[in-house]
Amino acid sequence: MAPAHPSGCTCGDEDSHTKLEGQLTFLYPFVDRDKVVALNAEEGKEAKIVIRPWDQRMREDEWLESDADEQLILRIPFTGSVKLRSILIKAGPSGFTPDRIKVFANRSLDFDEASSTEVTQEFEVAVTREVAEYIVRPAKFPSVTSLTLFFPSNHGEDTTRISFVGFKGEYSPLTRDPIITVYEAQANPADHQKIPGLDTTAHSRIG
């Protein structure tokens, strides 16, 4: 029997990478891959190996696996601002599949913080060898520059495996307008208007 998909999950949809609504795109080009970080990952594995182009989503020759236990954290920065609409994950096999994913927007968290901080959105993870898509609530992810994905447990094995992570949404480059501030090196009395009727010399005397 095929596993029940959690709410918000669409699995095995060959066309789902193109768009959900509007002008949504697959956001692989906008992930800052060299700055992707994994906590509690197997030594020698780079976190960015799971951030792949769409045509490599089904590869199973490389994966990211947790080390000391089944918990795994991925910190994923973007090169701009993203209106996030969905998260795509390929995991497994079976017992190595995480049973939940906690998603935090614009937060860089460790395990203690991820366990105690209010989550932006949480999903049950489907046990499937396909790419599962988890639809987020748009109002919770309107301007995302980074995500923390926390996988706290799995379906029975000692470690957790992830082989593909992707995102869909709308991308906007960050804009930083220069702030121009003019500082006055030294006050010039001629530039400051006097208040009528106030003689600063007379009022400075006592007695």
# chains A, B, ... in the order shown; residues from 1 in each chain; ligands from 1
call {"tool": "closest_atom_pairs", "arguments": {"of": "range 14-117 of chain A", "to": "range 126-144 of chain A", "cutoff": "12 Å", "atoms": "only C-alpha atoms", "output": "tab-separated table"}}
result
residue	atom	partner	partner_atom	distance
A:Glu14	CA	A:Val131	CA	9.4
A:Asp15	CA	A:Glu133	CA	11.7
A:Ser16	CA	A:Glu133	CA	8.4
A:His17	CA	A:Glu133	CA	9.4
A:Leu20	CA	A:Ile135	CA	9.4
A:Glu21	CA	A:Ile135	CA	11.7
A:Phe26	CA	A:Glu133	CA	12.0
A:Phe30	CA	A:Val144	CA	11.7
A:Val31	CA	A:Val144	CA	11.4
A:Trp54	CA	A:Val131	CA	10.3
A:Asp55	CA	A:Val131	CA	11.7
A:Gln56	CA	A:Val131	CA	11.1
A:Arg57	CA	A:Val131	CA	7.3
A:Met58	CA	A:Glu130	CA	7.4
A:Arg59	CA	A:Glu130	CA	10.6
A:Glu60	CA	A:Arg129	CA	9.6
A:Ile76	CA	A:Val144	CA	10.5
A:Pro77	CA	A:Val144	CA	8.9
A:Phe78	CA	A:Val144	CA	7.9
A:Thr79	CA	A:Val144	CA	10.2
A:Gly80	CA	A:Val144	CA	8.2
A:Ser81	CA	A:Val144	CA	5.4
A:Val82	CA	A:Val144	CA	4.9
A:Lys83	CA	A:Pro142	CA	4.7
A:Leu84	CA	A:Phe141	CA	5.5
A:Arg85	CA	A:Val136	CA	5.4
A:Ser86	CA	A:Ile135	CA	4.4
A:Ile87	CA	A:Tyr134	CA	5.1
A:Leu88	CA	A:Glu133	CA	4.4
A:Ile89	CA	A:Ala132	CA	5.3
A:Lys90	CA	A:Val131	CA	4.6
A:Ala91	CA	A:Arg129	CA	6.7
A:Gly92	CA	A:Arg129	CA	6.5
A:Pro93	CA	A:Arg129	CA	6.7
A:Ser94	CA	A:Val127	CA	5.8
A:Gly95	CA	A:Val127	CA	8.3
A:Phe96	CA	A:Val127	CA	9.3
A:Thr97	CA	A:Val127	CA	6.4
A:Pro98	CA	A:Val127	CA	8.3
A:Asp99	CA	A:Ala126	CA	7.3
A:Arg100	CA	A:Ala126	CA	8.7
A:Ile101	CA	A:Tyr134	CA	9.9
A:Lys102	CA	A:Val136	CA	11.5
A:Val103	CA	A:Val136	CA	9.5
A:Phe104	CA	A:Phe141	CA	9.3
A:Ala105	CA	A:Val144	CA	6.2
A:Asn106	CA	A:Val144	CA	6.1
A:Arg107	CA	A:Val144	CA	9.8
call {"tool": "select_by_dssp", "arguments": {"residues": "range 47-143 of chain A", "states": "strand (DSSP E or B)", "output": "PyMOL selection string"}}
result
chain A and resi 64-66+72-91+98+100-105+121-124+132-135
call {"tool": "atom_distance", "arguments": {"atom1": "CA of Phe123 in chain A", "atom2": "CA of Pro53 in chain A"}}
result
23.3 Å
call {"tool": "select_by_dssp", "arguments": {"residues": "range 77-170 of chain A", "states": "alpha helix (DSSP H)", "output": "PyMOL selection string"}}
result
chain A and resi 111-116
call {"tool": "atom_distance", "arguments": {"atom1": "CA of Thr148 in chain A", "atom2": "CA of Asp69 in chain A"}}
result
18.5 Å
call {"tool": "closest_residue", "arguments": {"among": "A:Pro173, A:Pro29, A:Pro152, A:Gly166", "to": "Ile73 in chain A", "atoms": "only C-alpha atoms"}}
result
A:Pro152
call {"tool": "closest_residue", "arguments": {"among": "A:Leu74, A:Asp67, A:Asp112, A:Leu24", "to": "Glu43 in chain A", "atoms": "only C-alpha atoms"}}
result
A:Asp67
call {"tool": "closest_residue", "arguments": {"among": "A:Phe150, A:Thr159, A:Thr25, A:Glu170", "to": "Glu70 in chain A", "atoms": "only C-alpha atoms"}}
result
A:Thr159
call {"tool": "closest_residue", "arguments": {"among": "A:Lys168, A:His155, A:Arg75, A:Arg161", "to": "Leu39 in chain A", "atoms": "only C-alpha atoms"}}
result
A:Arg75
